[in-house]
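Structure file upload.csv (CSV, C-alpha atoms and all ligand atoms) is printed below.
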```csv
chain,number,residue,atom,x,y,z
A,1256,MET,CA,-45.8,2.9,10.0
A,1257,PRO,CA,-45.6,6.7,9.2
A,1258,SER,CA,-48.7,8.7,9.8
A,1259,GLU,CA,-50.9,9.3,6.7
A,1260,LYS,CA,-51.0,13.0,7.5
A,1261,ALA,CA,-49.3,15.3,5.1
A,1262,MET,CA,-45.8,16.5,6.2
A,1263,LYS,CA,-45.2,20.3,6.0
A,1264,THR,CA,-42.5,23.0,5.9
A,1265,GLY,CA,-40.4,22.9,9.1
A,1266,SER,CA,-41.0,19.2,9.7
A,1267,ALA,CA,-38.0,16.9,10.4
A,1268,CYS,CA,-36.9,14.8,7.5
A,1269,PRO,CA,-37.8,11.2,8.1
A,1270,PRO,CA,-34.8,8.9,8.2
A,1271,PRO,CA,-34.1,7.3,4.9
A,1272,PRO,CA,-35.8,3.9,4.2
A,1273,GLY,CA,-33.6,1.0,5.2
A,1274,PRO,CA,-31.5,-1.0,2.6
A,1275,GLY,CA,-33.7,-2.5,-0.1
A,1276,LYS,CA,-36.8,-0.7,1.2
A,1277,LEU,CA,-39.0,1.4,-1.0
A,1278,ARG,CA,-40.7,4.6,-0.1
A,1279,LEU,CA,-43.3,6.6,-2.0
A,1280,TYR,CA,-43.8,10.3,-1.5
A,1281,SER,CA,-47.4,11.0,-2.3
A,1282,MET,CA,-50.5,13.1,-1.7
A,1283,ARG,CA,-53.6,11.1,-1.0
A,1284,PHE,CA,-55.8,12.8,-3.6
A,1285,CYS,CA,-53.2,13.3,-6.4
A,1286,PRO,CA,-54.2,11.5,-9.6
A,1287,TYR,CA,-50.6,11.2,-10.7
A,1288,ALA,CA,-49.5,9.6,-7.4
A,1289,GLU,CA,-52.5,7.3,-7.8
A,1290,ARG,CA,-51.0,6.0,-11.0
A,1291,THR,CA,-48.0,4.8,-9.0
A,1292,ARG,CA,-50.1,3.6,-6.1
A,1293,LEU,CA,-52.0,1.5,-8.6
A,1294,PHE,CA,-48.8,-0.1,-9.9
A,1295,LEU,CA,-47.6,-0.7,-6.4
A,1296,ALA,CA,-50.9,-2.4,-5.4
A,1297,ALA,CA,-51.2,-4.4,-8.7
A,1298,LYS,CA,-47.6,-5.7,-8.3
A,1299,GLY,CA,-48.1,-6.3,-4.5
A,1300,ILE,CA,-44.9,-4.3,-3.7
A,1301,GLU,CA,-44.2,-3.6,0.0
A,1302,HIS,CA,-43.5,0.0,0.6
A,1303,GLU,CA,-44.0,2.9,3.0
A,1304,THR,CA,-45.8,6.1,2.0
A,1305,ILE,CA,-45.0,9.6,3.2
A,1306,ASN,CA,-47.7,12.2,2.2
A,1307,ILE,CA,-46.5,15.7,1.4
A,1308,HIS,CA,-48.4,19.0,2.1
A,1309,LEU,CA,-48.2,20.5,-1.4
A,1310,ARG,CA,-49.0,24.1,-0.3
A,1311,GLU,CA,-46.3,24.1,2.4
A,1312,LYS,CA,-43.8,21.6,1.1
A,1313,PRO,CA,-41.1,20.4,3.5
A,1314,GLU,CA,-37.6,21.8,2.7
A,1315,TRP,CA,-36.2,18.2,2.6
A,1316,PHE,CA,-38.8,17.2,0.0
A,1317,LEU,CA,-37.6,20.0,-2.3
A,1318,GLU,CA,-34.0,18.8,-1.8
A,1319,LYS,CA,-35.1,15.4,-3.1
A,1320,THR,CA,-36.9,16.6,-6.3
A,1321,PRO,CA,-36.2,19.8,-8.2
A,1322,VAL,CA,-39.7,19.5,-9.7
A,1323,GLY,CA,-41.4,19.6,-6.3
A,1324,GLN,CA,-44.2,17.3,-7.3
A,1325,VAL,CA,-45.5,14.0,-6.2
A,1326,PRO,CA,-45.2,11.0,-6.9
A,1327,VAL,CA,-41.5,10.4,-5.9
A,1328,LEU,CA,-39.9,7.1,-5.2
A,1329,GLU,CA,-36.9,6.6,-3.0
A,1330,LYS,CA,-34.9,3.4,-2.7
A,1331,ASP,CA,-31.3,2.8,-1.6
A,1332,GLY,CA,-30.5,6.5,-1.8
A,1333,LYS,CA,-31.8,6.8,-5.3
A,1334,ILE,CA,-34.7,9.1,-6.2
A,1335,VAL,CA,-37.1,8.8,-9.1
A,1336,TYR,CA,-39.9,11.2,-9.9
A,1337,GLU,CA,-42.6,11.7,-12.6
A,1338,SER,CA,-45.5,9.2,-12.4
A,1339,LEU,CA,-44.9,7.4,-15.8
A,1340,VAL,CA,-41.1,7.2,-15.1
A,1341,CYS,CA,-41.8,5.9,-11.6
A,1342,ASN,CA,-44.1,3.2,-12.9
A,1343,GLU,CA,-41.6,2.0,-15.5
A,1344,TYR,CA,-38.9,2.1,-12.9
A,1345,LEU,CA,-41.0,-0.2,-10.6
A,1346,ASP,CA,-41.3,-2.7,-13.4
A,1347,GLY,CA,-37.6,-2.5,-13.9
A,1348,ILE,CA,-36.6,-3.1,-10.3
A,1349,TYR,CA,-39.5,-5.5,-9.5
A,1350,PRO,CA,-39.7,-7.5,-12.7
A,1351,ASP,CA,-42.3,-10.0,-11.3
A,1352,LYS,CA,-45.8,-9.2,-12.7
A,1353,CYS,CA,-44.4,-6.8,-15.2
A,1354,ILE,CA,-47.1,-4.3,-16.2
A,1355,THR,CA,-45.3,-2.2,-18.8
A,1356,PRO,CA,-45.7,-3.8,-22.2
A,1357,ARG,CA,-42.5,-5.6,-23.4
A,1358,ASP,CA,-43.5,-5.4,-27.1
A,1359,PRO,CA,-42.2,-2.1,-28.5
A,1360,LEU,CA,-45.2,-1.6,-30.7
A,1361,GLU,CA,-47.7,-2.2,-27.9
A,1362,LYS,CA,-45.7,0.1,-25.6
A,1363,ALA,CA,-45.8,2.8,-28.4
A,1364,ARG,CA,-49.5,2.3,-28.8
A,1365,GLN,CA,-50.1,2.8,-25.1
A,1366,SER,CA,-47.9,5.9,-25.0
A,1367,MET,CA,-49.7,7.3,-28.0
A,1368,VAL,CA,-53.1,6.9,-26.3
A,1369,LEU,CA,-51.7,8.7,-23.2
A,1370,ALA,CA,-50.4,11.5,-25.5
A,1371,LEU,CA,-54.0,11.7,-27.0
A,1372,TRP,CA,-55.4,12.0,-23.5
A,1373,ASP,CA,-53.0,14.8,-22.8
A,1374,ALA,CA,-53.6,16.6,-26.1
A,1375,LYS,CA,-57.3,16.2,-26.5
A,1376,VAL,CA,-58.8,15.7,-23.0
A,1377,ALA,CA,-56.7,16.5,-19.9
A,1378,GLY,CA,-56.6,20.3,-20.5
A,1379,PHE,CA,-60.3,20.6,-21.0
A,1380,TYR,CA,-61.0,18.4,-18.0
A,1381,ASN,CA,-59.0,20.8,-15.8
A,1382,LYS,CA,-60.7,23.8,-17.3
A,1383,LEU,CA,-64.1,22.3,-16.6
A,1384,VAL,CA,-63.3,21.8,-13.0
A,1385,PHE,CA,-61.1,24.8,-12.3
A,1386,GLY,CA,-62.0,27.2,-15.2
A,1387,LYS,CA,-64.4,30.1,-15.6
A,1388,GLU,CA,-68.1,29.3,-15.5
A,1389,ASP,CA,-69.0,31.2,-18.7
A,1390,GLU,CA,-66.5,29.2,-20.7
A,1391,ARG,CA,-67.8,25.9,-19.5
A,1392,PRO,CA,-70.3,25.1,-22.4
A,1393,ALA,CA,-67.6,25.5,-25.1
A,1394,VAL,CA,-65.0,23.6,-23.0
A,1395,ALA,CA,-67.6,20.8,-22.3
A,1396,LYS,CA,-68.0,20.3,-26.1
A,1397,GLN,CA,-64.2,20.1,-26.6
A,1398,PHE,CA,-63.9,17.7,-23.7
A,1399,VAL,CA,-66.6,15.4,-25.0
A,1400,ASP,CA,-65.2,15.5,-28.5
A,1401,GLY,CA,-61.7,14.7,-27.1
A,1402,LEU,CA,-63.0,11.8,-25.0
A,1403,GLN,CA,-64.3,10.2,-28.2
A,1404,TYR,CA,-60.7,9.5,-29.2
A,1405,ILE,CA,-60.2,7.7,-26.0
A,1406,GLU,CA,-63.4,5.7,-26.4
A,1407,ASN,CA,-62.2,4.7,-29.9
A,1408,ALA,CA,-58.8,3.6,-28.5
A,1409,LEU,CA,-60.4,1.2,-26.0
A,1410,THR,CA,-59.6,-2.3,-27.0
A,1411,GLN,CA,-62.1,-4.1,-24.8
A,1412,PRO,CA,-62.3,-5.4,-22.2
A,1413,PHE,CA,-59.3,-3.3,-21.0
A,1414,PHE,CA,-57.1,-0.6,-22.7
A,1415,SER,CA,-54.2,-3.1,-22.3
A,1416,GLY,CA,-56.1,-6.1,-23.7
A,1417,ASP,CA,-57.6,-9.0,-21.7
A,1418,LYS,CA,-56.2,-7.8,-18.4
A,1419,ALA,CA,-55.8,-4.3,-16.9
A,1420,GLY,CA,-52.3,-3.0,-17.6
A,1421,ALA,CA,-50.2,0.1,-17.7
A,1422,LEU,CA,-52.6,2.2,-19.9
A,1423,ASP,CA,-55.6,1.3,-17.7
A,1424,TYR,CA,-53.8,2.3,-14.5
A,1425,ASN,CA,-52.3,5.5,-16.0
A,1426,LEU,CA,-55.7,6.7,-17.2
A,1427,TRP,CA,-57.9,5.5,-14.4
A,1428,PRO,CA,-57.4,8.2,-11.7
A,1429,TRP,CA,-59.1,10.9,-13.9
A,1430,PHE,CA,-62.1,8.6,-14.6
A,1431,GLU,CA,-62.4,7.9,-10.8
A,1432,ARG,CA,-62.9,11.7,-10.4
A,1433,PHE,CA,-65.5,12.1,-13.2
A,1434,SER,CA,-68.2,12.8,-10.5
A,1435,MET,CA,-66.4,16.2,-10.1
A,1436,LEU,CA,-67.1,17.0,-13.7
A,1437,LYS,CA,-70.8,16.3,-13.2
A,1438,ASN,CA,-71.0,18.4,-10.1
A,1439,CYS,CA,-68.8,21.3,-11.2
A,1440,ALA,CA,-69.8,21.5,-14.8
A,1441,GLY,CA,-72.9,19.3,-15.3
A,1442,VAL,CA,-70.9,17.1,-17.8
A,1443,GLU,CA,-71.9,13.5,-17.7
A,1444,VAL,CA,-70.1,10.7,-19.4
A,1445,SER,CA,-73.1,8.6,-20.4
A,1446,ALA,CA,-73.3,5.0,-21.6
A,1447,ASP,CA,-75.2,6.0,-24.8
A,1448,LYS,CA,-72.4,8.3,-25.9
A,1449,PHE,CA,-69.5,6.3,-24.4
A,1450,PRO,CA,-70.6,2.7,-24.2
A,1451,LYS,CA,-67.1,1.2,-24.1
A,1452,LEU,CA,-65.7,3.7,-21.6
A,1453,THR,CA,-68.6,3.4,-19.2
A,1454,ALA,CA,-68.4,-0.5,-19.3
A,1455,TRP,CA,-64.6,-0.2,-18.7
A,1456,MET,CA,-65.2,2.0,-15.7
A,1457,GLU,CA,-67.5,-0.7,-14.2
A,1458,ARG,CA,-64.8,-3.3,-14.8
A,1459,MET,CA,-62.0,-1.2,-13.3
A,1460,LEU,CA,-64.1,-0.6,-10.1
A,1461,GLU,CA,-64.2,-4.4,-9.5
A,1462,LEU,CA,-60.4,-4.8,-9.5
A,1463,PRO,CA,-58.8,-5.2,-6.0
A,1464,GLU,CA,-56.0,-2.8,-6.8
A,1465,VAL,CA,-58.4,-0.1,-7.8
A,1466,LYS,CA,-60.5,-0.8,-4.7
A,1467,ALA,CA,-57.4,-0.5,-2.6
A,1468,CYS,CA,-56.3,2.9,-4.1
A,1469,SER,CA,-59.6,4.7,-4.8
A,1470,PHE,CA,-61.7,7.2,-2.9
A,1471,SER,CA,-65.5,7.3,-3.3
A,1472,PRO,CA,-67.1,10.1,-5.5
A,1473,GLU,CA,-68.4,11.7,-2.3
A,1474,VAL,CA,-64.8,12.0,-0.9
A,1475,HIS,CA,-63.5,13.3,-4.2
A,1476,ASP,CA,-66.3,15.9,-4.2
A,1477,GLN,CA,-65.4,17.0,-0.7
A,1478,TYR,CA,-61.7,17.2,-1.5
A,1479,GLY,CA,-62.5,19.1,-4.7
A,1480,LYS,CA,-64.4,21.7,-2.8
A,1481,THR,CA,-61.4,22.3,-0.6
A,1482,LEU,CA,-59.1,22.4,-3.6
A,1483,LEU,CA,-61.4,25.0,-5.4
A,1484,SER,CA,-61.4,27.2,-2.3
A,1485,GLY,CA,-57.6,27.4,-2.5
A,1486,LYS,CA,-57.1,25.5,0.7
A,1487,SER,CA,-56.8,21.8,-0.2
A,1488,ASP,CA,-57.4,19.6,2.7
A,1489,TYR,CA,-54.8,16.9,2.2
A,1490,ASP,CA,-55.8,15.2,5.5
A,1491,LEU,CA,-59.5,15.1,4.7
A,1492,GLY,CA,-61.1,12.1,6.5
A,1493,LEU,CA,-58.1,11.3,8.7
A,1494,GLU,CA,-58.5,11.3,12.5
A,1495,GLU,CA,-57.3,14.5,14.2
A,1501,LIG,N1,-46.1,15.3,-14.6
A,1501,LIG,C1,-46.1,15.0,-13.2
A,1501,LIG,C2,-47.3,15.7,-12.6
A,1501,LIG,C3,-47.4,15.5,-11.0
A,1501,LIG,C4,-48.3,16.6,-10.4
A,1501,LIG,O1,-48.8,17.5,-11.0
A,1501,LIG,N2,-48.5,16.4,-9.1
A,1501,LIG,C5,-49.2,17.5,-8.3
A,1501,LIG,C6,-50.2,16.9,-7.3
A,1501,LIG,S1,-51.6,16.2,-8.2
A,1501,LIG,C7,-48.1,18.2,-7.5
A,1501,LIG,O2,-47.3,17.6,-6.9
A,1501,LIG,N3,-48.3,19.5,-7.4
A,1501,LIG,C8,-47.5,20.3,-6.6
A,1501,LIG,C9,-46.8,21.4,-7.4
A,1501,LIG,O3,-46.9,21.4,-8.6
A,1501,LIG,O4,-46.2,22.3,-6.8
A,1501,LIG,C10,-46.3,13.5,-13.0
A,1501,LIG,O5,-46.7,12.8,-13.9
A,1501,LIG,O6,-45.8,12.9,-12.0
```
Would you mind writing the file out in structure tokens?
Ligand SMILES: N[C@@H](CCC(=O)N[C@@H](CS)C(=O)NCC(=O)O)C(=O)O
Amino acid sequence: MPSEKAMKTGSACPPPPGPGKLRLYSMRFCPYAERTRLFLAAKGIEHETINIHLREKPEWFLEKTPVGQVPVLEKDGKIVYESLVCNEYLDGIYPDKCITPRDPLEKARQSMVLALWDAKVAGFYNKLVFGKEDERPAVAKQFVDGLQYIENALTQPFFSGDKAGALDYNLWPWFERFSMLKNCAGVEVSADKFPKLTAWMERMLELPEVKACSFSPEVHDQYGKTLLSGKSDYDLGLEE
């Protein structure tokens, strides 16, 4: 099994995965890569993971993907990148326990909620964590207003219906990191303002696939501090 430590510039390119074998290029704290890790865990797909040092990317990684971002999947000499594309690809090549909705209207609905997330929430989320301190009160209001759209879109018990599905897994990684909002910007997602979302978060935390892929709020906070200092510790918590 490859080491979990992030591979850097100058490292030797690992030999390609054997025939039929799947490899994920990831970074342990990346929310986009977590989307794909959640799909892999929920579907029970055997795979190996190679973590990438995103500040000192290996040359061979940049040869695999022009975008230079994780997640990336590799199987039988073929490369797929972009988290949402990776997840649909996984359902395409491993059709058992298909997570992506088959119904075109439901698939469209889920994509529209993700588009709402991108348009109304994600940017403010990033600004709260990484942005200027004096702008935070205004941004916090925009974030909370935007999150209301997501609360309204939640068809209980899960975004995807009776069971967690694509939309739940594709949104979850940011909710898992909400403690960073509280600590960096004092913004709390409370049950009285967001009763459906807070109940959904409790339900998500009980799922085995979420337990398998998540880090605790304390670890996210520790990683967040290294990220904000400009020196992300991709190997945080791993043995020397
Ligand atoms: N749109 C991409 C975003 C992926 C992304 O931003 N990944 C970050 C890590 S969280 C990354 O690889 N950053 C390295 C870089 O941009 O150079 C996706 O959905 O996969």
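Checking A:Ala1393, A:Val1444, A:Ala1267, A:Leu1293 one by one against Met1459 (chain A), counting all atoms listed in the file, you find the shortest gap at A:Leu1293.
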Quick one: contact table of chain A to ligand LIG 1501 (chain A), 10 Å max, nearest atom pair and distance in Å to one decimal per residue, counting all atoms listed in the file, chain and number order, as JSON lines?
```
{"residue": "A:Tyr1280", "atom": "CA", "partner": "A:LIG1501", "partner_atom": "O2", "distance": 9.7}
{"residue": "A:Ser1281", "atom": "CA", "partner": "A:LIG1501", "partner_atom": "O2", "distance": 8.0}
{"residue": "A:Met1282", "atom": "CA", "partner": "A:LIG1501", "partner_atom": "C6", "distance": 6.8}
{"residue": "A:Arg1283", "atom": "CA", "partner": "A:LIG1501", "partner_atom": "S1", "distance": 9.0}
{"residue": "A:Phe1284", "atom": "CA", "partner": "A:LIG1501", "partner_atom": "S1", "distance": 7.1}
{"residue": "A:Cys1285", "atom": "CA", "partner": "A:LIG1501", "partner_atom": "S1", "distance": 3.8}
{"residue": "A:Pro1286", "atom": "CA", "partner": "A:LIG1501", "partner_atom": "S1", "distance": 5.6}
{"residue": "A:Tyr1287", "atom": "CA", "partner": "A:LIG1501", "partner_atom": "O6", "distance": 5.3}
{"residue": "A:Ala1288", "atom": "CA", "partner": "A:LIG1501", "partner_atom": "O6", "distance": 6.8}
{"residue": "A:Glu1289", "atom": "CA", "partner": "A:LIG1501", "partner_atom": "S1", "distance": 9.0}
{"residue": "A:Arg1290", "atom": "CA", "partner": "A:LIG1501", "partner_atom": "O5", "distance": 8.6}
{"residue": "A:Thr1291", "atom": "CA", "partner": "A:LIG1501", "partner_atom": "O6", "distance": 8.9}
{"residue": "A:Ile1307", "atom": "CA", "partner": "A:LIG1501", "partner_atom": "O2", "distance": 8.6}
{"residue": "A:His1308", "atom": "CA", "partner": "A:LIG1501", "partner_atom": "C8", "distance": 8.8}
{"residue": "A:Leu1309", "atom": "CA", "partner": "A:LIG1501", "partner_atom": "C8", "distance": 5.3}
{"residue": "A:Arg1310", "atom": "CA", "partner": "A:LIG1501", "partner_atom": "O4", "distance": 7.3}
{"residue": "A:Glu1311", "atom": "CA", "partner": "A:LIG1501", "partner_atom": "O4", "distance": 9.4}
{"residue": "A:Lys1312", "atom": "CA", "partner": "A:LIG1501", "partner_atom": "O4", "distance": 8.3}
{"residue": "A:Leu1317", "atom": "CA", "partner": "A:LIG1501", "partner_atom": "O4", "distance": 10.0}
{"residue": "A:Val1322", "atom": "CA", "partner": "A:LIG1501", "partner_atom": "O3", "distance": 7.5}
{"residue": "A:Gly1323", "atom": "CA", "partner": "A:LIG1501", "partner_atom": "O4", "distance": 5.5}
{"residue": "A:Gln1324", "atom": "CA", "partner": "A:LIG1501", "partner_atom": "O2", "distance": 3.1}
{"residue": "A:Val1325", "atom": "CA", "partner": "A:LIG1501", "partner_atom": "O2", "distance": 4.1}
{"residue": "A:Pro1326", "atom": "CA", "partner": "A:LIG1501", "partner_atom": "O6", "distance": 5.5}
{"residue": "A:Val1327", "atom": "CA", "partner": "A:LIG1501", "partner_atom": "O6", "distance": 7.9}
{"residue": "A:Tyr1336", "atom": "CA", "partner": "A:LIG1501", "partner_atom": "O6", "distance": 6.5}
{"residue": "A:Glu1337", "atom": "CA", "partner": "A:LIG1501", "partner_atom": "O6", "distance": 3.5}
{"residue": "A:Ser1338", "atom": "CA", "partner": "A:LIG1501", "partner_atom": "O6", "distance": 3.7}
{"residue": "A:Leu1339", "atom": "CA", "partner": "A:LIG1501", "partner_atom": "O5", "distance": 6.0}
{"residue": "A:Val1340", "atom": "CA", "partner": "A:LIG1501", "partner_atom": "O5", "distance": 8.0}
{"residue": "A:Cys1341", "atom": "CA", "partner": "A:LIG1501", "partner_atom": "O6", "distance": 8.1}
{"residue": "A:Asn1342", "atom": "CA", "partner": "A:LIG1501", "partner_atom": "O6", "distance": 9.9}
{"residue": "A:Asn1425", "atom": "CA", "partner": "A:LIG1501", "partner_atom": "O5", "distance": 9.4}
```
At a cut-off of 8 Å, using all atoms listed in the file, what residues contact Lys1276 (chain A)? Leave out same-chain residues fewer than 4 positions from it and give the result as a ChimeraX atom specification. /A:1272,1302,1330-1331
List the neighbours of Arg1364 (chain A) out to 12 Å using all atoms listed in the file; skip same-chain residues closer than 2 positions along the sequence, and give me the result as a list in words. Thr1355, Pro1356, Arg1357, Asp1358, Pro1359, Leu1360, Glu1361, Lys1362, Ser1366, Met1367, Val1368, Leu1369, Ala1370, Leu1371, Ala1408, Leu1409, Thr1410, Phe1414, Ser1415, Gly1416, Ala1421 and Leu1422 of chain A
Which polymer residues, whether protein, DNA or RNA, lie within 9 Å of the coordinate (-65.4, 20.2, -11.0) when you count only C-alpha atoms? List them as a list in words, using the chain letters and numbers from the file.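 Answer for this query, in the requested form: Tyr1380, Asn1381, Lys1382, Leu1383, Val1384, Phe1385, Gly1386, Arg1432, Phe1433, Ser1434, Met1435, Leu1436, Lys1437, Asn1438, Cys1439, Ala1440, Gly1441, Asp1476, Gly1479, Lys1480 and Leu1483 of chain A.
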